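**Q** structure08.cif is reproduced in full below (mmCIF, C-alpha atoms).
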data_final
#
loop_
_atom_site.label_atom_id
_atom_site.label_comp_id
_atom_site.auth_asym_id
_atom_site.auth_seq_id
_atom_site.Cartn_x
_atom_site.Cartn_y
_atom_site.Cartn_z
CA MET A 1 0.00 0.00 0.00
CA LEU A 2 1.09 3.55 -0.71
CA ARG A 3 0.94 5.86 2.28
CA ILE A 4 -0.15 9.32 1.15
CA LEU A 5 0.12 12.34 3.45
CA TYR A 6 -1.34 15.84 3.12
CA PHE A 7 -0.16 18.86 5.07
CA ALA A 8 -1.24 22.44 5.78
CA TRP A 9 -3.93 23.84 3.43
CA LEU A 10 -4.02 20.64 1.39
CA ARG A 11 -5.15 18.76 4.50
CA ASP A 12 -7.66 21.47 5.35
CA ARG A 13 -9.16 21.37 1.87
CA LEU A 14 -9.35 17.58 1.71
CA GLY A 15 -10.48 17.17 5.31
CA ARG A 16 -7.94 14.39 5.90
CA SER A 17 -4.26 14.15 6.79
CA GLY A 18 -3.57 11.04 4.79
CA GLU A 19 -4.75 7.79 3.28
CA THR A 20 -3.46 4.43 2.15
CA LEU A 21 -3.93 3.34 -1.42
CA PRO A 22 -2.84 0.32 -3.45
CA LEU A 23 -0.29 1.38 -6.06
CA PRO A 24 -2.58 2.27 -8.99
CA GLN A 25 -2.07 0.17 -12.08
CA GLY A 26 0.18 1.96 -14.54
CA ALA A 27 1.36 4.52 -11.95
CA HIS A 28 5.14 4.67 -12.16
CA ASN A 29 5.91 8.13 -10.84
CA VAL A 30 4.46 10.95 -8.73
CA GLN A 31 2.89 12.58 -11.76
CA ASP A 32 0.93 9.39 -12.49
CA LEU A 33 -0.31 9.31 -8.90
CA ILE A 34 -1.39 12.95 -9.12
CA ALA A 35 -3.38 12.11 -12.26
CA VAL A 36 -5.18 9.33 -10.36
CA LEU A 37 -5.97 11.66 -7.43
CA ARG A 38 -7.12 14.48 -9.72
CA ALA A 39 -9.48 12.11 -11.49
CA ARG A 40 -11.45 11.82 -8.25
CA GLY A 41 -12.71 15.34 -8.94
CA GLY A 42 -13.93 17.72 -6.22
CA GLU A 43 -11.26 19.04 -3.86
CA TYR A 44 -8.70 16.55 -5.19
CA ALA A 45 -9.00 18.04 -8.65
CA ALA A 46 -8.90 21.53 -7.14
CA ILE A 47 -5.75 21.13 -5.03
CA PHE A 48 -3.75 19.57 -7.86
CA ALA A 49 -5.05 21.96 -10.51
CA ARG A 50 -1.95 24.13 -10.06
CA PRO A 51 0.95 21.72 -9.49
CA GLU A 52 3.40 24.62 -9.17
CA LEU A 53 1.84 25.36 -5.75
CA ILE A 54 2.54 21.84 -4.47
CA ARG A 55 5.73 20.29 -3.18
CA VAL A 56 6.24 16.55 -2.88
CA ALA A 57 8.37 14.21 -0.81
CA VAL A 58 8.91 10.52 -1.48
CA ASN A 59 9.93 8.52 1.58
CA GLN A 60 10.61 11.77 3.45
CA SER A 61 12.97 13.27 0.87
CA PHE A 62 12.07 16.17 -1.41
CA ALA A 63 11.27 14.87 -4.87
CA THR A 64 10.01 16.05 -8.25
CA ILE A 65 6.82 14.88 -9.92
CA ALA A 66 9.03 12.75 -12.19
CA ALA A 67 10.26 10.72 -9.19
CA PRO A 68 9.47 6.99 -9.46
CA ILE A 69 7.12 5.46 -6.91
CA ALA A 70 6.72 1.87 -5.75
CA ALA A 71 4.36 -0.07 -3.52
CA HIS A 72 4.86 0.80 0.19
CA ASP A 73 6.33 4.24 -0.53
CA GLU A 74 5.35 7.22 1.61
CA ILE A 75 4.31 10.12 -0.63
CA ALA A 76 3.66 13.50 0.97
CA PHE A 77 2.04 16.53 -0.69
CA PHE A 78 2.37 19.97 0.86
CA PRO A 79 2.73 23.68 0.10
CA PRO A 80 6.13 25.41 0.03
CA VAL A 81 7.49 25.43 3.57
CA THR A 82 7.29 28.50 5.84
CA GLY A 83 9.11 27.67 9.07
CA GLY A 84 11.78 29.52 10.98
CA MET B 85 32.69 14.98 15.63
CA PRO B 86 30.73 18.19 16.09
CA ARG B 87 28.04 18.10 18.75
CA VAL B 88 24.68 18.42 16.96
CA THR B 89 21.37 18.69 18.80
CA ILE B 90 18.05 18.81 16.93
CA ARG B 91 14.63 19.06 18.53
CA VAL B 92 11.05 19.79 17.53
CA GLN B 93 8.90 20.53 20.56
CA ALA B 94 5.79 22.35 21.75
CA GLU B 95 7.45 23.56 24.98
CA VAL B 96 9.44 26.75 25.35
CA PHE B 97 13.24 26.39 25.26
CA ASP B 98 15.84 27.75 27.67
CA SER B 99 18.61 29.38 25.68
CA ALA B 100 21.06 29.58 28.59
CA HIS B 101 20.55 25.94 29.48
CA GLU B 102 20.99 24.84 25.86
CA THR B 103 24.16 26.93 25.58
CA ALA B 104 25.61 25.26 28.66
CA LEU B 105 24.85 21.82 27.21
CA LEU B 106 26.48 22.75 23.91
CA LEU B 107 29.63 24.02 25.63
CA ARG B 108 30.03 21.24 28.17
CA GLY B 109 33.51 19.73 27.87
CA HIS B 110 34.49 21.94 24.92
CA GLU B 111 37.43 24.14 25.89
CA ASP B 112 38.14 24.86 22.21
CA VAL B 113 35.09 27.15 21.85
CA GLY B 114 35.76 30.90 21.61
CA GLY B 115 32.22 32.01 20.90
CA VAL B 116 28.60 30.97 20.64
CA ALA B 117 26.26 32.81 18.29
CA THR B 118 22.59 32.66 19.21
CA PHE B 119 19.58 33.36 17.05
CA THR B 120 16.16 33.35 18.68
CA GLY B 121 13.17 33.77 16.40
CA ILE B 122 10.11 35.44 17.93
CA VAL B 123 6.49 35.48 16.75
CA ARG B 124 6.23 39.02 15.40
CA GLY B 125 2.93 40.85 15.89
CA GLY B 126 1.24 43.44 13.72
CA GLY B 127 -1.79 43.58 11.45
CA GLY B 128 -4.01 42.12 14.13
CA LEU B 129 -2.00 38.91 14.42
CA VAL B 130 -2.70 37.01 17.65
CA ALA B 131 -0.77 33.76 17.22
CA LEU B 132 0.85 31.35 14.81
CA GLU B 133 -0.04 27.69 14.54
CA LEU B 134 3.03 25.68 13.54
CA GLU B 135 2.72 22.33 11.82
CA HIS B 136 5.51 19.95 10.76
CA TYR B 137 6.13 16.61 9.06
CA PRO B 138 7.37 14.34 11.86
CA GLY B 139 10.43 12.41 10.77
CA MET B 140 11.24 14.38 7.63
CA THR B 141 11.45 17.65 9.55
CA GLU B 142 13.99 16.28 12.00
CA SER B 143 16.07 14.65 9.26
CA MET B 144 16.17 17.89 7.24
CA MET B 145 17.12 19.86 10.37
CA ARG B 146 19.93 17.41 11.02
CA ARG B 147 21.20 17.62 7.44
CA ILE B 148 21.20 21.41 7.63
CA ALA B 149 22.97 21.42 11.00
CA GLU B 150 25.61 18.89 9.95
CA SER B 151 26.20 20.81 6.74
CA ALA B 152 26.74 24.01 8.75
CA CYS B 153 29.22 22.24 11.02
CA VAL B 154 31.27 21.06 8.04
CA ARG B 155 31.06 24.30 6.07
CA PHE B 156 31.99 26.63 8.94
CA GLY B 157 34.10 24.25 11.01
CA LEU B 158 31.74 24.51 13.98
CA VAL B 159 32.48 22.73 17.24
CA GLY B 160 28.76 22.10 17.53
CA CYS B 161 25.29 23.50 17.04
CA THR B 162 21.79 23.25 18.46
CA VAL B 163 18.53 23.80 16.59
CA ILE B 164 15.21 23.75 18.41
CA HIS B 165 12.00 24.56 16.55
CA ARG B 166 8.67 24.84 18.30
CA VAL B 167 5.34 23.62 16.94
CA GLY B 168 1.73 24.12 17.96
CA ARG B 169 0.06 27.41 18.84
CA LEU B 170 2.49 30.24 19.65
CA ALA B 171 1.21 33.65 20.70
CA VAL B 172 2.76 36.91 19.52
CA GLY B 173 5.97 37.60 21.44
CA MET B 174 6.74 33.93 22.10
CA PRO B 175 10.05 32.36 21.01
CA ILE B 176 9.62 30.04 18.02
CA VAL B 177 13.10 28.90 16.99
CA LEU B 178 16.55 28.71 18.59
CA VAL B 179 19.82 28.28 16.70
CA LEU B 180 23.12 28.09 18.59
CA CYS B 181 26.48 27.76 16.85
CA ALA B 182 29.72 27.22 18.77
CA SER B 183 33.11 27.75 17.16
CA ALA B 184 36.68 28.75 17.92
CA HIS B 185 36.15 32.25 16.45
CA ARG B 186 33.03 34.41 16.18
CA GLY B 187 32.84 34.71 12.38
CA ALA B 188 32.14 31.04 11.84
CA ALA B 189 29.51 30.98 14.59
CA GLN B 190 27.70 34.03 13.22
CA GLU B 191 27.76 32.79 9.64
CA GLY B 192 26.62 29.38 10.81
CA THR B 193 23.46 30.78 12.40
CA ALA B 194 22.63 32.81 9.26
CA PHE B 195 23.19 29.76 7.06
CA MET B 196 21.02 27.54 9.24
CA MET B 197 18.15 30.03 9.43
CA ASP B 198 18.18 30.58 5.65
CA TRP B 199 17.99 26.83 5.06
CA LEU B 200 15.48 26.15 7.84
CA LYS B 201 13.05 28.72 6.48
CA THR B 202 13.08 27.28 2.98
CA SER B 203 13.87 23.57 3.34
CA ALA B 204 12.62 22.18 6.64
CA PRO B 205 8.98 21.08 6.39
CA PHE B 206 7.21 23.47 8.74
CA TRP B 207 4.09 25.45 7.90
CA LYS B 208 2.67 28.49 9.69
CA ARG B 209 -0.96 29.49 9.94
CA GLU B 210 -1.68 33.01 11.10
CA GLU B 211 -4.51 33.59 13.54
CA PHE B 212 -5.95 37.12 13.69
CA ALA B 213 -7.95 38.96 16.33
CA SER B 214 -10.89 39.02 13.90
CA GLY B 215 -11.05 35.23 14.12
CA HIS B 216 -9.80 34.90 10.54
CA SER B 217 -6.87 32.58 9.90
CA ALA B 218 -4.65 32.04 6.86
CA TRP B 219 -1.66 29.91 5.87
CA VAL B 220 1.53 31.93 5.44
CA GLU B 221 2.77 32.26 1.86
CA PRO B 222 6.45 31.59 1.17
CA ARG B 223 8.51 34.75 0.58
CA ALA B 224 10.76 35.19 -2.45
CA GLN B 225 13.41 36.93 -0.34
CA ASP B 226 13.77 33.82 1.85
CA GLU B 227 14.47 31.73 -1.23
CA ALA B 228 16.98 34.35 -2.45
CA ALA B 229 18.69 34.38 0.97
CA LYS B 230 19.14 30.62 0.80
CA ALA B 231 20.39 30.74 -2.80
CA ARG B 232 23.45 32.79 -1.82
CA TRP B 233 24.86 29.76 -0.01
CA GLY B 234 24.75 27.50 -3.08
CA SER B 235 23.91 23.90 -2.34
CA LEU B 236 23.43 22.49 1.15
CA THR B 237 26.48 20.27 1.00
CA ALA B 238 28.85 22.62 -0.89
#
Can you present the structure in this file as C-alpha cells?

**A**
Amino acid sequence: MLRILYFAWLRDRLGRSGETLPLPQGAHNVQDLIAVLRARGGEYAAIFARPELIRVAVNQSFATIAAPIAAHDEIAFFPPVTGG
Amino acid sequence: MPRVTIRVQAEVFDSAHETALLLRGHEDVGGVATFTGIVRGGGGLVALELEHYPGMTESMMRRIAESACVRFGLVGCTVIHRVGRLAVGMPIVLVLCASAHRGAAQEGTAFMMDWLKTSAPFWKREEFASGHSAWVEPRAQDEAAKARWGSLTA
C-alpha cells in the first residue's frame, strides 16, 4: 500500500491528513499518482489543478513529480514550507 | 565529531541551558552565536499555529545542522524549533552555533536560518484577532537568501 500524506492547506481542503492506497495500475511516478488523485474530482481536482503550488516528498525526501514510486512508498504533498 | 542537537517541541526552550549543554567539555570554543526567532505581531495577528512533518522535519534539520558544522568548522550546534500554537511575542526557533572564532559561529546561524526557512517542512498558519486565519505564503526573499549559499552540501 502507498501511504499518502497531506499537510497544511491541502489537508484542510481535503479534510484528511492522509490515506493508504494500493499502487494504482500503470502509476510509475508521482505525476501518475497525481493524475489518479485528480481524477477523483472535487477538492482533489482543485488542489492539484496548479501543481506549481505543491511540493512533494517521497519517503521523506524532497522529490520532483518525475520521481518513481513503488508499492509501500510514503508520498507527501504539501505547500512550500514556511518555518523559521 | 561536532556536537549536533536537533529538537522539535511544543514547549518553550531555555537558551542559557541549551548553551551550557552545547559548551560542556568543549574548551576549544571561543564564541557561541545565538539566534532566537520570535512570533512578530502586527496587522491584528494574535498567534501562529506551527505544523511539521514528523520524521522528515527532523532529518532535514539534522542535514542542515551537519552541513553548517562542516562548512563553517563549527564545534557544535543546536537547533530547536517549536510547533503548535504560539502567541505573539513567544520564542519560536533557537539556533546556537559554537566555534573557535566568532565569524564562523555568526555565519553558521545565518546559514542555518536561511535553510530552515526554505527547506525544513514546517508550515505556519496566522490567527488574527478578527477570528480569521490564513496559511503563510512563502517569501521570495527567503528563497533568495538561501540561494546565496549555493547547495546544502557545498

**Q** Contacts from chain A to chain B, 8 Å maximum, all atoms listed in the file: show me the residue list as a list in words.

**A**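 Here they are: Phe7, Ala8, Trp9, Gln60, Ser61, Pro80, Val81, Thr82, Gly83 and Gly84 of chain A.
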
**Q** Just how far from CA of Arg124 (chain B) is CA of Phe62 (chain A), in Å to one decimal?

**A**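 Result for CA of Phe62 (chain A) versus CA of Arg124 (chain B): 29.0 Å, one decimal.
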
**Q** What is the distance, in Å and to one decimal place, between CA of Arg55 (chain A) and CA of Asp12 (chain A)?

**A**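 For CA of Arg55 (chain A) relative to CA of Asp12 (chain A), the distance reads 15.9 Å.
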
**Q** When you draw a straight line from CA of Met1 (chain A) to CA of Asp73 (chain A), how long is it in Å?

**A**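 Taking CA of Met1 (chain A) as the start and CA of Asp73 (chain A) as the end point, the length is 7.6 Å.
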
**Q** Using the chain letters and numbering of this document, enumerate as a PyMOL selection string the residues selected by the PyMOL selection byres ((chain B and resi 111-114) around 10).

**A** chain B and resi 106-110+115-116+158-160+181-186+189

**Q** Kindly resolve the PyMOL selection byres ((chain A and resi 76) around 7) on the present coordinates and return the residues as an NGL selection string.

**A** :A and (4-6 or 56-58 or 74-75 or 77-78)

**Q** Is there a way to get, as a PyMOL selection string, all residues within 10 Å of the point (31.1, 21.1, 12.6) in file coordinates, counting all atoms listed in the file?

**A** chain B and resi 85-88+149-161+181-183+192

**Q** What are the centre and edge lengths in Å, to one decimal, of the axis-aligned box around all listed atoms of region 29-45 of chain A with 3 Å added on each side, as lines of an AutoDock Vina configuration file?

**A**
center_x = -4.0
center_y = 13.6
center_z = -8.2
size_x = 25.8
size_y = 16.9
size_z = 14.6

**Q** Can you turn the PyMOL selection byres ((chain A and resi 36-39) around 12) into a concrete residue list for this file, as a VMD selection string?

**A** chain A and resid 4 14 19 21 to 35 40 to 51 77

**Q** Which of these residues is nearest to Glu211 (chain B), using only C-alpha atoms: B:Ala94, B:Leu105, B:Leu180, B:Leu129?

**A** B:Leu129

**Q** Taking only C-alpha atoms into account, which of A:Ala63, A:Ile69, A:Ile54, A:Pro79 comes nearest Arg3 (chain A)?

**A**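 Using only C-alpha atoms, Arg3 (chain A) sits closest to A:Ile69.
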
**Q** Since the input has fewer atoms than a full residue there, write region 160-171 of chain B out with all heavy atoms, as an mmCIF file, keeping the file's coordinate frame.

**A**
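See result-v5.cif below for the written result:
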data_model
loop_
_atom_site.group_PDB
_atom_site.id
_atom_site.type_symbol
_atom_site.label_atom_id
_atom_site.label_comp_id
_atom_site.auth_asym_id
_atom_site.auth_seq_id
_atom_site.Cartn_x
_atom_site.Cartn_y
_atom_site.Cartn_z
ATOM 1 N N GLY B 160 30.070 22.723 17.357
ATOM 2 C CA GLY B 160 28.760 22.100 17.530
ATOM 3 C C GLY B 160 27.653 23.108 17.288
ATOM 4 O O GLY B 160 27.910 24.315 17.168
ATOM 5 N N CYS B 161 26.431 22.597 17.187
ATOM 6 C CA CYS B 161 25.290 23.500 17.040
ATOM 7 C C CYS B 161 24.031 22.843 17.587
ATOM 8 O O CYS B 161 23.947 21.615 17.727
ATOM 9 C CB CYS B 161 25.098 23.924 15.593
ATOM 10 S SG CYS B 161 24.728 22.591 14.484
ATOM 11 N N THR B 162 23.073 23.688 17.905
ATOM 12 C CA THR B 162 21.790 23.250 18.460
ATOM 13 C C THR B 162 20.688 23.953 17.694
ATOM 14 O O THR B 162 20.769 25.170 17.479
ATOM 15 C CB THR B 162 21.707 23.627 19.956
ATOM 16 O OG1 THR B 162 22.752 22.937 20.660
ATOM 17 C CG2 THR B 162 20.356 23.258 20.558
ATOM 18 N N VAL B 163 19.698 23.202 17.254
ATOM 19 C CA VAL B 163 18.530 23.800 16.590
ATOM 20 C C VAL B 163 17.273 23.257 17.248
ATOM 21 O O VAL B 163 17.054 22.035 17.262
ATOM 22 C CB VAL B 163 18.475 23.471 15.086
ATOM 23 C CG1 VAL B 163 17.388 24.306 14.415
ATOM 24 C CG2 VAL B 163 19.807 23.693 14.419
ATOM 25 N N ILE B 164 16.480 24.146 17.791
ATOM 26 C CA ILE B 164 15.210 23.750 18.410
ATOM 27 C C ILE B 164 14.101 24.563 17.743
ATOM 28 O O ILE B 164 14.169 25.799 17.710
ATOM 29 C CB ILE B 164 15.217 24.003 19.932
ATOM 30 C CG1 ILE B 164 16.365 23.222 20.575
ATOM 31 C CG2 ILE B 164 13.867 23.605 20.547
ATOM 32 C CD1 ILE B 164 16.545 23.501 22.053
ATOM 33 N N HIS B 165 13.119 23.874 17.196
ATOM 34 C CA HIS B 165 12.000 24.560 16.550
ATOM 35 C C HIS B 165 10.719 24.155 17.257
ATOM 36 O O HIS B 165 10.470 22.978 17.468
ATOM 37 C CB HIS B 165 11.933 24.166 15.069
ATOM 38 C CG HIS B 165 11.252 25.182 14.205
ATOM 39 N ND1 HIS B 165 9.969 25.626 14.433
ATOM 40 C CD2 HIS B 165 11.688 25.858 13.119
ATOM 41 C CE1 HIS B 165 9.651 26.524 13.509
ATOM 42 N NE2 HIS B 165 10.676 26.695 12.697
ATOM 43 N N ARG B 166 9.920 25.151 17.613
ATOM 44 C CA ARG B 166 8.670 24.840 18.300
ATOM 45 C C ARG B 166 7.532 24.632 17.310
ATOM 46 O O ARG B 166 7.555 25.153 16.194
ATOM 47 C CB ARG B 166 8.313 25.961 19.288
ATOM 48 C CG ARG B 166 9.329 26.080 20.424
ATOM 49 C CD ARG B 166 8.985 27.225 21.342
ATOM 50 N NE ARG B 166 7.780 26.923 22.135
ATOM 51 C CZ ARG B 166 7.134 27.839 22.834
ATOM 52 N NH1 ARG B 166 7.515 29.111 22.798
ATOM 53 N NH2 ARG B 166 6.092 27.492 23.557
ATOM 54 N N VAL B 167 6.542 23.851 17.729
ATOM 55 C CA VAL B 167 5.340 23.620 16.940
ATOM 56 C C VAL B 167 4.120 23.832 17.838
ATOM 57 O O VAL B 167 4.243 23.959 19.055
ATOM 58 C CB VAL B 167 5.306 22.185 16.348
ATOM 59 C CG1 VAL B 167 6.371 22.019 15.269
ATOM 60 C CG2 VAL B 167 5.470 21.128 17.433
ATOM 61 N N GLY B 168 2.955 23.864 17.204
ATOM 62 C CA GLY B 168 1.730 24.120 17.960
ATOM 63 C C GLY B 168 1.375 25.594 17.912
ATOM 64 O O GLY B 168 1.874 26.334 17.054
ATOM 65 N N ARG B 169 0.521 26.021 18.850
ATOM 66 C CA ARG B 169 0.060 27.410 18.840
ATOM 67 C C ARG B 169 0.998 28.290 19.653
ATOM 68 O O ARG B 169 1.253 28.032 20.827
ATOM 69 C CB ARG B 169 -1.354 27.500 19.417
ATOM 70 C CG ARG B 169 -1.996 28.866 19.286
ATOM 71 C CD ARG B 169 -3.406 28.872 19.865
ATOM 72 N NE ARG B 169 -4.081 30.145 19.669
ATOM 73 C CZ ARG B 169 -3.904 31.210 20.453
ATOM 74 N NH1 ARG B 169 -3.084 31.150 21.487
ATOM 75 N NH2 ARG B 169 -4.566 32.334 20.200
ATOM 76 N N LEU B 170 1.530 29.342 19.007
ATOM 77 C CA LEU B 170 2.490 30.240 19.650
ATOM 78 C C LEU B 170 1.975 31.670 19.543
ATOM 79 O O LEU B 170 1.822 32.205 18.442
ATOM 80 C CB LEU B 170 3.862 30.122 18.975
ATOM 81 C CG LEU B 170 4.483 28.717 18.997
ATOM 82 C CD1 LEU B 170 5.745 28.683 18.157
ATOM 83 C CD2 LEU B 170 4.801 28.312 20.429
ATOM 84 N N ALA B 171 1.738 32.289 20.678
ATOM 85 C CA ALA B 171 1.210 33.650 20.700
ATOM 86 C C ALA B 171 2.285 34.658 20.295
ATOM 87 O O ALA B 171 3.493 34.386 20.414
ATOM 88 C CB ALA B 171 0.682 33.978 22.094
#
